[in-house]
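Inspection log for the structure reproduced underneath, given as C-alpha cells.
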Amino acid sequence: MNQPAGSTRGPGPAERRVVITGRGAVSALGTGQRALWQAMVEGRSGIRPLHMEQPAQPLRMKVAAQALHFDASVYFVSRILTMLDRVSQMALVAAREAVAESGVDFSGDTALRTCTVIGTGVGGEMSRDEQTRRVYQDQAPRVHPLSIVRLMPNAPASQISMEMGLMGPAFGVTSACASSNHAIAQAVAMLRSGLADVAIAGGTESCFSLPAIRAWEAMRVVADDTCRPFCRQRTGMVLGEGAGIFVLETLQHAQARGATILAEIAGVGMSADAGDIVSPTGDGAARAMQAALDDAGLRADEVGYINAHGTATPANDPVESQAIRQVFQHHADRLAVSSTKGVHGHALGAAGALELVAAIGALREEVIPPTCNFIDADPACDLDYVPNTARQQRVDAVLSNSFAFGGLNAVLALRRFAH
Amino acid sequence: MNASVQQQIFQIIAEHGKIEASTITPDSTLTDLGIASLEAIEIIFDIEEHFDITLPDNNPDFDTGSTQGLIDAVQDAIALKAAAETEAEAERRSS
C-alpha cells in the first residue's frame with residue numbers, strides 16, 4: 001500500500017479513485033454536519049442580527065451567519081486552547097467529527113500516509129485583531145507570545161496534524177472564497193498521485209473582527225436584510241463563519257478497511273480569470289466547470305445538480321448563471337442549481353467545505369437542498385434555482401462551485417459511488 | 001454650496017480616473033468615464049473621507065447611475081450630518 005500506483009495526471013487506475021468517507025462541520029446552524037444538512041434541506045436560515053460590540057460609529061453590516069453557539073472550552077483543555085485561534089478550534093472540532101464518521105484508524109503506517117490540507121482565506125483574524133488592538137489602542141509593550149502560531153494560516157492544518165498524529169504532507173491552502181475547494185482538489189491530487197492514501201481536507205474561517213467587517217462594508221457587497229441568491233431582491237452577500245472537514249481516501253484504502261463510502265470525488269477543475277481582481281469574467285468559471293467534468297470523465301448531461309457559488313451579490317449570480325449555461329448548453333434547463341448561502345452565509349475560506357455537505361447530501365439522500373430566501377425571479381438569472389423548497393430527486397453526479405476574489409475558481413465533481 | 005460639492009466630487013473622480021474634471025458632467029456615469037467598479041468603491045471611500053459622511057450601500061447605484069445621483073446622495077448625507085450636529089448642539093445647550 002505504500003507504493004505509489006498509477007499516473008500523476010488525470011484519473012488514475014481504479015484503486016486510486018478518490019472517495020469521501022467522513023464529514024464534519026461547524027456553522028451558524030450548530031456543531032455537526034447533520035445540523036447543517038438538516039437546515040439546508042429545510043431552507044432554514046442561520047442568518048441573524050450581527051452579534052458584535054457596537055463601535056462609536058454605527059455598523060452598516062446588520063446581519064451575519066455566526067456560530068454563536070460554538071464554545072471552544074467544551075472541546076479543548078486550557079493548555080491547548082491557548083494555542084488556538086477560533087479558526088483552528090472550529091477546524092479541529094469538524095475534523096474530529098469527520099474522522100469519527102469515517103472510522104479511519106491512524107495507527108501504524110496510515111499516519112505516515114495521511115496528508116492534511118486545510119484552506120482558509122485569512123487565517124487567525126481574531127487573534128491578529130486582539131493583539132493589534134493591544135498594540136495600537138492600549139499601547140501595550142508586548143503581545144501574547146503565541147500570537148504568531150495562532151494567526152498563521154497554516155495553523156489549522158498544523159493543529160489537526162498534531163492532535164491526530166498525522167505525519168504525511170500537511171499545509172494550508174489559500175484562495176479567499178475558493179480556499180476549501182482548492183484544498184480538497186490538492187488532497188485529491190495527492191491521493192491520485194500516490195503521495196498519500198488518506199487525506200484530511202477542507203476549509204475553515206472566522207473573521208468577525210471590526211476591521212474585517214469595516215473592510216467588507218467598504219466593498220459595498222454586503223446585504224442589509226439577508227442573503228437571497230439568484231433572486232431579483234438580492235442586495236449582496238452575508239458574512240458567515242465555520243469549518244467543514246472531510247476524510248478522503250483512495251478507493252483501495254477505503255475498501256481494504258471496509259469503510260462506508262459516502263461519495264466519490266470524480267474530478268476537480270481549477271482556473272484563473274486572469275481578469276479583474278473582483279469582477280468575475282464568467283469565462284474562468286466556465287473553464288473550471290468544464291475542467292472538472294473532463295477530469296471526472298462526466299458528460300454534461302450526467303450532472304443533475306450544481307451547488308452554486310451563489311453569493312447573492314449583484315455581480316456573481318448572473319455571471320455564474322451564464323457560465324453554467326455556457327458549459328451545459330441545452331442541459332442547463334434540466335439542471336437543478338441552488339445556493340445554500342442563504343442558510344450558512346458566505347463562510348469565505350470555509351464556503352466550499354460547508355457546501356460539500358450539500359453536494360454529498362444531495363447524492364446520498366436524493367434531496368436537492370433549495371435556494372432559501374428567494375422572492376422573485378431575476379430575468380438575468382434564468383436557471384432552475386429550486387426556490388425555497390427542497391426537491392426529492394435522484395441525481396448521480398453533482399458539481400460544487402467556488403469562485404474567489406482574485407478570479408480564482410475551483411470546482412469539485414462528485415459522483416454517486418458505484419463499483 | 002451645490003456647485004462646490006459638485007466640483008469637489010468631480011475633482012475626486014478626476015484624480016482617480018486620470019481625467020480632466022472639466023470633462024465630467026452630472027449626466028456622466030462612472031462607466032462612461034471608464035471607471036471600473038473597483039475604482040468606484042475607492043472613489044466612494046475618498047468622498048466619504050473628504051466630506052466625513054457615510055453614503056448608503058445600494059442607493060444610488062454608483063456603477064451605472066449618473067454622477068448627479070452621487071452628488072444628490074452626498075448632499076443628502078451632508079444635510080443629515082448637519083441636522084444631527086445641530087440637534088446635538090441644542091441638547092448640549094439645554095442640559
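In the C-alpha cells, chains take letters A, B, ... by order of appearance, with residues numbered from 1 within each chain and ligands from 1 in the order shown.
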Given a cut-off of 8 Å, which residues of chain A touch chain B, counting only C-alpha atoms, written out as number ranges by chain? A: 218-220, 235, 278-279
Sorted by chain and rising residue number, list the residues of segment 128-214 of chain A at most 10 Å from segment 259-270 of chain A (counting only C-alpha atoms), each with its closest atom pair and distance in Å to one decimal, as JSON lines.
{"residue": "A:Ala178", "atom": "CA", "partner": "A:Met270", "partner_atom": "CA", "distance": 9.9}
{"residue": "A:Asn181", "atom": "CA", "partner": "A:Val268", "partner_atom": "CA", "distance": 8.6}
{"residue": "A:His182", "atom": "CA", "partner": "A:Met270", "partner_atom": "CA", "distance": 7.8}
{"residue": "A:Ile184", "atom": "CA", "partner": "A:Val268", "partner_atom": "CA", "distance": 8.7}
{"residue": "A:Ala185", "atom": "CA", "partner": "A:Val268", "partner_atom": "CA", "distance": 5.9}
{"residue": "A:Gln186", "atom": "CA", "partner": "A:Val268", "partner_atom": "CA", "distance": 9.1}
{"residue": "A:Val188", "atom": "CA", "partner": "A:Ile265", "partner_atom": "CA", "distance": 7.8}
{"residue": "A:Ala189", "atom": "CA", "partner": "A:Val268", "partner_atom": "CA", "distance": 8.9}
Close residues, Leu70 of chain B itself excluded, 12 Å, only C-alpha atoms, min 4 positions apart in chain, as a PyMOL selection string: chain B and resi 5-6+8-10+13+25-30+40+43-44+47-48+55-66+74-77
Could you turn the residues from that selection into a file that holds N, CA and C atoms, as a short mmCIF file (atom, residue, chain, number, x, y, z; two decimals), in the first residue's frame?
data_model
loop_
_atom_site.label_atom_id
_atom_site.label_comp_id
_atom_site.auth_asym_id
_atom_site.auth_seq_id
_atom_site.Cartn_x
_atom_site.Cartn_y
_atom_site.Cartn_z
N VAL B 5 -19.89 71.41 -3.88
CA VAL B 5 -19.92 69.97 -3.61
C VAL B 5 -19.68 69.21 -4.92
N GLN B 6 -20.36 69.67 -5.95
CA GLN B 6 -20.20 69.03 -7.26
C GLN B 6 -18.75 69.09 -7.72
N GLN B 8 -16.06 69.44 -5.94
CA GLN B 8 -15.18 68.59 -5.12
C GLN B 8 -15.32 67.12 -5.52
N ILE B 9 -16.54 66.70 -5.77
CA ILE B 9 -16.77 65.31 -6.18
C ILE B 9 -16.10 65.05 -7.54
N PHE B 10 -16.29 65.98 -8.48
CA PHE B 10 -15.68 65.81 -9.80
C PHE B 10 -14.16 65.76 -9.69
N ILE B 13 -13.21 62.29 -8.52
CA ILE B 13 -13.37 61.34 -9.63
C ILE B 13 -12.25 61.52 -10.64
N THR B 25 -19.64 65.60 -16.42
CA THR B 25 -20.90 66.34 -16.26
C THR B 25 -21.80 65.56 -15.32
N PRO B 26 -22.85 66.20 -14.81
CA PRO B 26 -23.77 65.46 -13.92
C PRO B 26 -24.43 64.27 -14.60
N ASP B 27 -24.45 64.26 -15.94
CA ASP B 27 -25.05 63.13 -16.65
C ASP B 27 -24.09 61.96 -16.85
N SER B 28 -22.79 62.21 -16.67
CA SER B 28 -21.83 61.13 -16.90
C SER B 28 -22.05 60.01 -15.88
N THR B 29 -21.93 58.77 -16.35
CA THR B 29 -21.88 57.66 -15.40
C THR B 29 -20.41 57.29 -15.22
N LEU B 30 -20.11 56.62 -14.13
CA LEU B 30 -18.71 56.21 -13.91
C LEU B 30 -18.27 55.29 -15.04
N ALA B 40 -14.59 52.51 -8.48
CA ALA B 40 -15.79 53.19 -8.00
C ALA B 40 -15.87 53.12 -6.47
N ILE B 43 -13.49 55.52 -5.01
CA ILE B 43 -13.99 56.89 -5.12
C ILE B 43 -15.00 57.18 -4.01
N ILE B 44 -15.89 56.23 -3.78
CA ILE B 44 -16.88 56.38 -2.71
C ILE B 44 -16.16 56.57 -1.37
N ILE B 47 -14.68 60.01 -1.17
CA ILE B 47 -15.73 61.01 -0.97
C ILE B 47 -16.20 60.98 0.49
N GLU B 48 -16.38 59.78 1.03
CA GLU B 48 -16.80 59.67 2.43
C GLU B 48 -15.77 60.29 3.38
N LEU B 55 -22.21 57.16 3.06
CA LEU B 55 -23.22 57.03 2.00
C LEU B 55 -23.92 55.68 2.12
N PRO B 56 -25.20 55.64 1.76
CA PRO B 56 -25.93 54.36 1.82
C PRO B 56 -25.34 53.35 0.84
N ASP B 57 -25.56 52.06 1.13
CA ASP B 57 -24.93 51.00 0.36
C ASP B 57 -25.39 50.92 -1.09
N ASN B 58 -26.68 50.89 -1.30
CA ASN B 58 -27.18 50.50 -2.62
C ASN B 58 -27.89 51.61 -3.37
N ASN B 59 -27.91 52.80 -2.82
CA ASN B 59 -28.65 53.86 -3.45
C ASN B 59 -27.83 55.14 -3.41
N PRO B 60 -27.42 55.73 -4.51
CA PRO B 60 -27.73 55.24 -5.85
C PRO B 60 -26.79 54.10 -6.25
N ASP B 61 -27.02 53.54 -7.42
CA ASP B 61 -26.13 52.53 -7.95
C ASP B 61 -24.94 53.25 -8.58
N PHE B 62 -23.82 53.23 -7.89
CA PHE B 62 -22.69 54.06 -8.31
C PHE B 62 -22.03 53.54 -9.59
N ASP B 63 -22.23 52.28 -9.89
CA ASP B 63 -21.62 51.73 -11.11
C ASP B 63 -22.32 52.24 -12.37
N THR B 64 -23.65 52.24 -12.32
CA THR B 64 -24.39 52.55 -13.55
C THR B 64 -25.12 53.87 -13.47
N GLY B 65 -25.31 54.43 -12.26
CA GLY B 65 -26.01 55.70 -12.13
C GLY B 65 -25.13 56.86 -12.57
N SER B 66 -25.75 58.04 -12.68
CA SER B 66 -25.01 59.23 -13.11
C SER B 66 -24.32 59.87 -11.91
N VAL B 74 -24.56 62.64 -1.75
CA VAL B 74 -23.61 63.34 -0.88
C VAL B 74 -24.30 64.51 -0.20
N GLN B 75 -25.10 65.27 -0.96
CA GLN B 75 -25.79 66.42 -0.36
C GLN B 75 -26.77 65.97 0.72
N ASP B 76 -27.46 64.87 0.46
CA ASP B 76 -28.38 64.33 1.48
C ASP B 76 -27.61 63.96 2.74
N ALA B 77 -26.45 63.30 2.53
CA ALA B 77 -25.68 62.84 3.69
C ALA B 77 -25.13 64.03 4.48
#
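The interatomic distance for the pair atom CA of Gly202 of chain A and atom CA of Asn388 of chain A works out to 27.1 Å.
Near segment 74-76 of chain A, within 12 Å and counting only C-alpha atoms, sit Thr31, His69, Phe70, Asp71, Arg79, Ile80, Leu81, Thr82, Met83, Leu84, Asp85, Arg86, Ser88, Gln89, Met90, Ala91, Leu92, Val93, Ala94, Arg96, Glu97 and Glu163 of chain A, not including residues fewer than 3 positions from it in the same chain.
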Residue selection dump (C-alpha atoms) as a PDB file, in the first residue's frame:
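And here's part11.pdb as it stands now:
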ATOM      1  CA  THR A  31     -21.902  21.857  15.557  1.00  0.00           C
ATOM      2  CA  HIS A  69     -23.341  28.526  19.906  1.00  0.00           C
ATOM      3  CA  PHE A  70     -19.727  27.401  19.473  1.00  0.00           C
ATOM      4  CA  ASP A  71     -17.958  27.268  22.839  1.00  0.00           C
ATOM      5  CA  ARG A  79      -3.254  24.246  27.749  1.00  0.00           C
ATOM      6  CA  ILE A  80      -4.314  23.513  24.153  1.00  0.00           C
ATOM      7  CA  LEU A  81      -6.899  26.279  23.897  1.00  0.00           C
ATOM      8  CA  THR A  82      -4.253  28.945  24.470  1.00  0.00           C
ATOM      9  CA  MET A  83      -2.620  27.935  21.157  1.00  0.00           C
ATOM     10  CA  LEU A  84      -5.793  28.065  19.115  1.00  0.00           C
ATOM     11  CA  ASP A  85      -7.455  30.842  17.213  1.00  0.00           C
ATOM     12  CA  ARG A  86     -11.175  30.307  16.646  1.00  0.00           C
ATOM     13  CA  SER A  88      -8.363  26.347  14.293  1.00  0.00           C
ATOM     14  CA  GLN A  89     -10.846  25.469  17.042  1.00  0.00           C
ATOM     15  CA  MET A  90     -13.643  25.044  14.523  1.00  0.00           C
ATOM     16  CA  ALA A  91     -11.428  23.098  12.126  1.00  0.00           C
ATOM     17  CA  LEU A  92     -10.366  20.676  14.860  1.00  0.00           C
ATOM     18  CA  VAL A  93     -13.923  20.034  16.024  1.00  0.00           C
ATOM     19  CA  ALA A  94     -15.060  19.411  12.443  1.00  0.00           C
ATOM     20  CA  ARG A  96     -12.877  15.042  14.885  1.00  0.00           C
ATOM     21  CA  GLU A  97     -16.401  14.542  13.587  1.00  0.00           C
ATOM     22  CA  GLU A 163      -3.831  16.347  17.504  1.00  0.00           C
TER      23      GLU A 163
END
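Every residue of segment 240-338 of chain A with a DSSP assignment of strand (DSSP E or B), taken from the backbone, is listed as Gly240, Gly242, Ala243, Gly244, Ile245, Phe246, Val247, Leu248, Glu249, Thr250, Ala263, Glu264, Ile265, Ala266, Gly267, Val268, Gly269, Met270, Ser271, Ala272, Tyr305, Ile306, Asn307, Ala336, Val337 and Ser338 of chain A.
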Keeping only C-alpha atoms, write the selected residues as a PDB file, in the first residue's frame.
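Wrote it out as out28.pdb, contents follow:
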ATOM      1  CA  GLY A 240     -20.634  33.620   7.741  1.00  0.00           C
ATOM      2  CA  GLY A 242     -17.435  27.887  10.261  1.00  0.00           C
ATOM      3  CA  ALA A 243     -15.423  24.886   9.175  1.00  0.00           C
ATOM      4  CA  GLY A 244     -16.025  21.842   7.037  1.00  0.00           C
ATOM      5  CA  ILE A 245     -13.537  18.979   7.124  1.00  0.00           C
ATOM      6  CA  PHE A 246     -13.609  15.647   5.254  1.00  0.00           C
ATOM      7  CA  VAL A 247     -11.805  12.344   5.225  1.00  0.00           C
ATOM      8  CA  LEU A 248     -10.803  11.396   1.694  1.00  0.00           C
ATOM      9  CA  GLU A 249      -9.186   8.097   0.818  1.00  0.00           C
ATOM     10  CA  THR A 250      -8.110   6.173  -2.193  1.00  0.00           C
ATOM     11  CA  ALA A 263     -19.431   9.609  -2.422  1.00  0.00           C
ATOM     12  CA  GLU A 264     -16.685   9.668  -4.991  1.00  0.00           C
ATOM     13  CA  ILE A 265     -14.782  12.836  -5.854  1.00  0.00           C
ATOM     14  CA  ALA A 266     -14.647  12.063  -9.524  1.00  0.00           C
ATOM     15  CA  GLY A 267     -12.975  15.223 -10.734  1.00  0.00           C
ATOM     16  CA  VAL A 268     -11.648  18.649  -9.913  1.00  0.00           C
ATOM     17  CA  GLY A 269     -11.331  21.714 -12.119  1.00  0.00           C
ATOM     18  CA  MET A 270      -9.412  24.885 -11.435  1.00  0.00           C
ATOM     19  CA  SER A 271      -8.791  28.061 -13.390  1.00  0.00           C
ATOM     20  CA  ALA A 272      -7.901  31.714 -13.084  1.00  0.00           C
ATOM     21  CA  TYR A 305     -27.365  19.239  -9.524  1.00  0.00           C
ATOM     22  CA  ILE A 306     -24.959  22.128  -9.093  1.00  0.00           C
ATOM     23  CA  ASN A 307     -24.326  23.618  -5.692  1.00  0.00           C
ATOM     24  CA  ALA A 336     -31.180  21.859 -10.509  1.00  0.00           C
ATOM     25  CA  VAL A 337     -28.980  24.727  -9.331  1.00  0.00           C
ATOM     26  CA  SER A 338     -29.076  26.033  -5.781  1.00  0.00           C
TER      27      SER A 338
END
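Atom pair atom CA of Cys381 of chain A / atom CA of His346 of chain A has a distance of 19.4 Å (rounded to one decimal).
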Atom CA of Arg415 of chain A and atom CA of Pro369 of chain A, how far apart in Å?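 Rounded to one decimal, the two atoms are 16.9 Å apart.
Proximity to Phe403 of chain A was assessed for A:Arg17, A:Arg287, A:Arg299, A:His344 counting only C-alpha atoms; the smallest distance is recorded for A:Arg287.
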If you run DSSP on this backbone, which residues of chain B come out as alpha helix (DSSP H), and could you give them as a ChimeraX atom specification? /B:2-17,37-51,67-94
Taking C-alpha atoms for each residue, export the selection above as a short mmCIF file (atom, residue, chain, number, x, y, z; two decimals), in the first residue's frame.
data_model
loop_
_atom_site.label_atom_id
_atom_site.label_comp_id
_atom_site.auth_asym_id
_atom_site.auth_seq_id
_atom_site.Cartn_x
_atom_site.Cartn_y
_atom_site.Cartn_z
CA ASN B 2 -24.19 72.93 -4.57
CA ALA B 3 -21.62 73.87 -7.20
CA SER B 4 -18.86 73.47 -4.68
CA VAL B 5 -19.92 69.97 -3.61
CA GLN B 6 -20.20 69.03 -7.26
CA GLN B 7 -16.75 70.42 -8.01
CA GLN B 8 -15.18 68.59 -5.12
CA ILE B 9 -16.77 65.31 -6.18
CA PHE B 10 -15.68 65.81 -9.80
CA GLN B 11 -12.17 66.57 -8.58
CA ILE B 12 -12.04 63.28 -6.64
CA ILE B 13 -13.37 61.34 -9.63
CA ALA B 14 -10.92 63.10 -11.95
CA GLU B 15 -7.94 62.21 -9.76
CA HIS B 16 -8.94 58.53 -9.71
CA GLY B 17 -9.83 58.31 -13.37
CA SER B 37 -16.25 49.01 -10.25
CA LEU B 38 -13.22 48.56 -8.00
CA GLU B 39 -12.21 52.18 -8.63
CA ALA B 40 -15.79 53.19 -8.00
CA ILE B 41 -15.67 51.88 -4.43
CA GLU B 42 -12.37 53.68 -3.90
CA ILE B 43 -13.99 56.89 -5.12
CA ILE B 44 -16.88 56.38 -2.71
CA PHE B 45 -14.36 55.84 0.09
CA ASP B 46 -12.49 59.04 -0.79
CA ILE B 47 -15.73 61.01 -0.97
CA GLU B 48 -16.80 59.67 2.43
CA GLU B 49 -13.43 60.59 3.93
CA HIS B 50 -13.40 64.01 2.26
CA PHE B 51 -16.84 65.04 3.49
CA THR B 67 -22.70 61.45 -11.09
CA GLN B 68 -25.82 63.56 -10.39
CA GLY B 69 -27.09 60.64 -8.29
CA LEU B 70 -23.81 60.66 -6.43
CA ILE B 71 -23.97 64.44 -5.88
CA ASP B 72 -27.54 64.14 -4.56
CA ALA B 73 -26.54 61.32 -2.20
CA VAL B 74 -23.61 63.34 -0.88
CA GLN B 75 -25.79 66.42 -0.36
CA ASP B 76 -28.38 64.33 1.48
CA ALA B 77 -25.68 62.84 3.69
CA ILE B 78 -24.20 66.30 4.43
CA ALA B 79 -27.66 67.62 5.33
CA LEU B 80 -28.31 64.64 7.60
CA LYS B 81 -24.99 65.18 9.32
CA ALA B 82 -25.63 68.93 9.77
CA ALA B 83 -29.06 68.20 11.25
CA ALA B 84 -27.57 65.67 13.65
CA GLU B 85 -24.90 68.16 14.72
CA THR B 86 -27.47 70.95 15.26
CA GLU B 87 -29.55 68.60 17.36
CA ALA B 88 -26.53 67.53 19.42
CA GLU B 89 -25.60 71.20 19.94
CA ALA B 90 -29.13 72.07 21.07
CA GLU B 91 -29.03 69.19 23.54
CA ARG B 92 -25.73 70.37 24.94
CA ARG B 93 -27.10 73.88 25.44
CA SER B 94 -30.31 72.75 27.06
#
I'd like to know which of A:Asp105, A:Glu217, A:Asp197, A:Glu241 is closest to Gly46 of chain A, using only C-alpha atoms.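 Under the stated criterion, the closest residue is A:Glu241.
Non-sequential neighbours of segment 404-406 of chain A (distance at most 10 Å, separation of 5 or more positions within a chain, only C-alpha atoms) are Gly121, Ser175, Ala176, Cys177, Ala178, Ser179, Ala272, Asp273, Ala274, Gly275, Asp276, Ile277, Val278, Ser279, Pro280, Ala285, His309, Leu348 and Gly349 of chain A.
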